[in-house]
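Worksheet: the structure to be examined is printed underneath.
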Amino acid sequence: DLLVGNDTRVMAARLFARRATGGRVELLVLDPGPGPVRVLARPARKLKDGEILEVDGGARATVVRGDELLVRFDAPVPDVLERCGHMPLPPYLGRDDEASDRERYQTVYAGPLGAAAAPTAGLHFTEGLLEALGERGIAFARVTLHVGIGTFRPLRDEDIARGELHEEAYAVPGGTAAAVEACRARGGRVVAIGTTSCRTLESATPEGSRVPVPGAGTTRLFLQPGDRLRCVDGLLTNFHLPRSSLLLLVAALVGRERLLAAYAEAVRRGYRFYSYGDAMLLL
């Protein structure tokens with residue numbers, strides 16, 4: 001079999017800033033730039049075009065408005081986040097981030113910087129576990145999809161009607177496409193680590209094929225029950241919120257009844273849900 005993980009690295013994307021009026025603003029940066037970058041802001045409605053925010057830690061952000069809230073920093077975004085940012089821990093943890101969270105809220109195989117939240121199914125893997133799997137002949141490959149606004153936004157009626165989700169950029173290395181092809185040749189299964197890895201592989205795999213095309217692209221793919229997955233045979237995933245696109249993606253793989261049975265089992269046995277929760281392996 002072949003495991004495929006999303007190697008995006010989580011940014012210290014949470015910033016605290018002050019308006020000229022003295023009011024406090026919290027920003028969550030959704031991409032690493034360059035140029036103006038998308039953010040979620042709290043509060044957002046009071047912010048005005050051209051307004052300058054003083055970021056705690058020594059940076060400035062200028063508000064730019066369009067169809068969505070954008071800000072322009074006075075330095076490269078990765079530098080600002082390194083100097084001023086806080087890790088975007090799930091709010092239900094009920095604590096501020098610590099220095100150790102810059103590594104703990106990452107997968108052990110994290111690579112390119114750009115996510116606003118961790119691809120949480122990957123948090124279950126240690127280097128030792130990946131080595132032990134390799135010793136049993138289970139291969140490992142990577143894709144990249146930077147986790148963005150879709151993680152924070154509930155599924156909307158218009159998303160369902162349109163049959164598309166928020167756009168996200170992804171990349172499939174040539175070595176990963178070759179690893180999938182080799183897995184197919186030896187009769188193995190392709191198992192995605194997390195919904196983002198699954199969405200990437202399915203977006204990159206053309207109709208009529210079972211192997212992704214290497215390269216970079218963008219996707220609005222919205223997998224739902226009744227859809228047939230082309231590349232992915234199995235999925236290791238955490239337990240997701242109701243009314244989420246992630247839950248529908250899992251149902252596309254295993255069907256509604258099997259999925260509900262798995263959730264009933266998880267609730268009955270007291271499994272933990274969400275980012276630092278338990279996981280299930282669906283084959």
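Residues are named by chain letter and number: chains run A, B, ... in the order of the structure tokens, numbers start at 1 in each chain, and ligands are numbered from 1 in the order shown.
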Run DSSP on the backbone of this structure and report the residues of stretch 71-209 of chain A it assigns to strand (DSSP E), as an mmCIF file with C-alpha atoms, in the first residue's frame.
data_model
loop_
_atom_site.group_PDB
_atom_site.id
_atom_site.type_symbol
_atom_site.label_atom_id
_atom_site.label_comp_id
_atom_site.auth_asym_id
_atom_site.auth_seq_id
_atom_site.Cartn_x
_atom_site.Cartn_y
_atom_site.Cartn_z
ATOM 1 C CA VAL A 71 -4.242 43.485 3.995
ATOM 2 C CA ARG A 72 -0.828 44.595 2.755
ATOM 3 C CA PHE A 73 2.063 44.266 5.197
ATOM 4 C CA LEU A 113 4.906 27.109 4.439
ATOM 5 C CA GLY A 114 1.362 28.253 3.715
ATOM 6 C CA ALA A 115 -1.418 26.701 5.849
ATOM 7 C CA ALA A 139 5.390 3.392 1.009
ATOM 8 C CA PHE A 140 4.928 7.094 1.774
ATOM 9 C CA ALA A 141 4.541 10.037 -0.609
ATOM 10 C CA ARG A 142 3.592 13.707 -0.332
ATOM 11 C CA VAL A 143 1.282 16.240 -1.882
ATOM 12 C CA THR A 144 0.787 19.882 -0.883
ATOM 13 C CA LEU A 145 -2.491 21.690 -0.273
ATOM 14 C CA GLU A 168 -7.401 26.018 -3.058
ATOM 15 C CA ALA A 169 -3.988 25.633 -4.657
ATOM 16 C CA TYR A 170 -2.293 22.240 -4.684
ATOM 17 C CA ALA A 171 0.839 20.544 -5.975
ATOM 18 C CA VAL A 172 1.542 16.905 -6.849
ATOM 19 C CA VAL A 190 -3.595 4.313 -2.181
ATOM 20 C CA VAL A 191 -4.526 5.594 1.285
ATOM 21 C CA ALA A 192 -4.828 9.354 1.793
ATOM 22 C CA ILE A 193 -3.819 10.811 5.147
#
Within 6 Å of A:Asn238, counting only C-alpha atoms, which residues qualify if same-chain residues fewer than 5 places away don't, as a ChimeraX atom specification?
/A:121,278-279
Could you give me, as a PyMOL selection string, the residues within 8 Å of stretch 50-66 of chain A, counting only C-alpha atoms and dropping anything in the same chain fewer than 6 positions from it?
chain A and resi 15-20+36+72-75+80+83-84
Filtered DSSP result for stretch 73-271 of chain A, state helix (DSSP H, G or I), as number ranges by chain:
A: 77-84, 91-93, 101-104, 120-124, 127-135, 149-151, 157-162, 174-185, 195-204, 245-254, 256-268
Compile the contact shell of stretch 194-197 of chain A as an MDAnalysis selection string: residues with an atom at most 8 Å away, counting only C-alpha atoms, same-chain residues fewer than 3 positions apart removed.
chainID A and resid 4:6 119:122 143:145 147 200:201 235:238 246 249:250
For atom CA of A:Gly188 and atom CA of A:Gly137, determine how far apart the two atoms are, in Å to one decimal place.
10.4 Å
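Ranking A:Pro88, A:Asp1, A:Pro78, A:Leu247 by their shortest atom-to-atom distance to A:Leu27, with only C-alpha atoms included, puts A:Pro88 first.
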Skip A:Ala177 itself and residues of its chain fewer than 2 positions away, then list as a list in words all residues within 8 Å of it, counting only C-alpha atoms.
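Near A:Ala177, the qualifying residues are Val172, Pro173, Gly174, Gly175, Ala179, Val180, Glu181, Val211, Pro212, Val213 and Pro214 of chain A.
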Kindly export the residues of the current selection with all heavy atoms, as a short mmCIF file (atom, residue, chain, number, x, y, z; two decimals), in the first residue's frame.
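result_2.cif, written as the output of this step:
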data_model
loop_
_atom_site.label_atom_id
_atom_site.label_comp_id
_atom_site.auth_asym_id
_atom_site.auth_seq_id
_atom_site.Cartn_x
_atom_site.Cartn_y
_atom_site.Cartn_z
N VAL A 172 1.26 18.34 -6.88
CA VAL A 172 1.54 16.91 -6.85
C VAL A 172 2.93 16.70 -7.46
O VAL A 172 3.12 16.91 -8.65
CB VAL A 172 0.49 16.10 -7.64
CG1 VAL A 172 0.85 14.62 -7.66
CG2 VAL A 172 -0.90 16.31 -7.07
N PRO A 173 3.92 16.31 -6.66
CA PRO A 173 5.26 16.07 -7.21
C PRO A 173 5.27 14.89 -8.19
O PRO A 173 4.45 13.97 -8.09
CB PRO A 173 6.10 15.74 -5.97
CG PRO A 173 5.32 16.26 -4.81
CD PRO A 173 3.88 16.13 -5.20
N GLY A 174 6.22 14.92 -9.10
CA GLY A 174 6.36 13.83 -10.05
C GLY A 174 6.62 12.51 -9.36
O GLY A 174 6.12 11.45 -9.78
N GLY A 175 7.38 12.56 -8.26
CA GLY A 175 7.67 11.33 -7.52
C GLY A 175 6.43 10.71 -6.90
O GLY A 175 6.33 9.48 -6.78
N ALA A 179 4.88 7.12 -7.60
CA ALA A 179 4.62 6.20 -6.49
C ALA A 179 3.22 5.61 -6.57
O ALA A 179 3.01 4.42 -6.28
CB ALA A 179 4.82 6.92 -5.15
N VAL A 180 2.24 6.42 -6.99
CA VAL A 180 0.87 5.92 -7.17
C VAL A 180 0.83 4.88 -8.29
O VAL A 180 0.23 3.82 -8.16
CB VAL A 180 -0.11 7.06 -7.46
CG1 VAL A 180 -1.49 6.52 -7.84
CG2 VAL A 180 -0.22 8.00 -6.26
N GLU A 181 1.52 5.19 -9.38
CA GLU A 181 1.55 4.26 -10.51
C GLU A 181 2.20 2.94 -10.11
O GLU A 181 1.71 1.86 -10.47
CB GLU A 181 2.30 4.89 -11.68
CG GLU A 181 2.15 4.15 -12.99
CD GLU A 181 2.59 4.97 -14.17
OE1 GLU A 181 3.38 5.92 -14.00
OE2 GLU A 181 2.13 4.67 -15.29
N VAL A 211 -4.35 7.46 -11.73
CA VAL A 211 -3.05 8.01 -11.36
C VAL A 211 -3.09 9.53 -11.55
O VAL A 211 -3.49 10.01 -12.62
CB VAL A 211 -1.92 7.40 -12.21
CG1 VAL A 211 -0.57 8.02 -11.87
CG2 VAL A 211 -1.88 5.88 -12.01
N PRO A 212 -2.66 10.33 -10.56
CA PRO A 212 -2.70 11.78 -10.70
C PRO A 212 -1.65 12.28 -11.70
O PRO A 212 -0.62 11.65 -11.91
CB PRO A 212 -2.39 12.28 -9.29
CG PRO A 212 -1.58 11.18 -8.67
CD PRO A 212 -2.14 9.91 -9.24
N VAL A 213 -1.95 13.43 -12.28
CA VAL A 213 -1.01 14.10 -13.16
C VAL A 213 -0.13 15.02 -12.30
O VAL A 213 -0.65 15.83 -11.53
CB VAL A 213 -1.75 14.93 -14.23
CG1 VAL A 213 -0.77 15.73 -15.07
CG2 VAL A 213 -2.60 14.02 -15.10
N PRO A 214 1.19 14.89 -12.39
CA PRO A 214 2.04 15.75 -11.57
C PRO A 214 1.95 17.21 -12.00
O PRO A 214 1.67 17.51 -13.15
CB PRO A 214 3.45 15.19 -11.80
CG PRO A 214 3.38 14.47 -13.11
CD PRO A 214 1.98 13.96 -13.22
#
Env of A:Ala251: 12 Å cut, atoms = only C-alpha atoms, seq-sep filter 6 positions within chain, self excluded. Answer as a PyMOL selection string.
chain A and resi 195+222-229+234-235+237+240+244-245+257-263+282
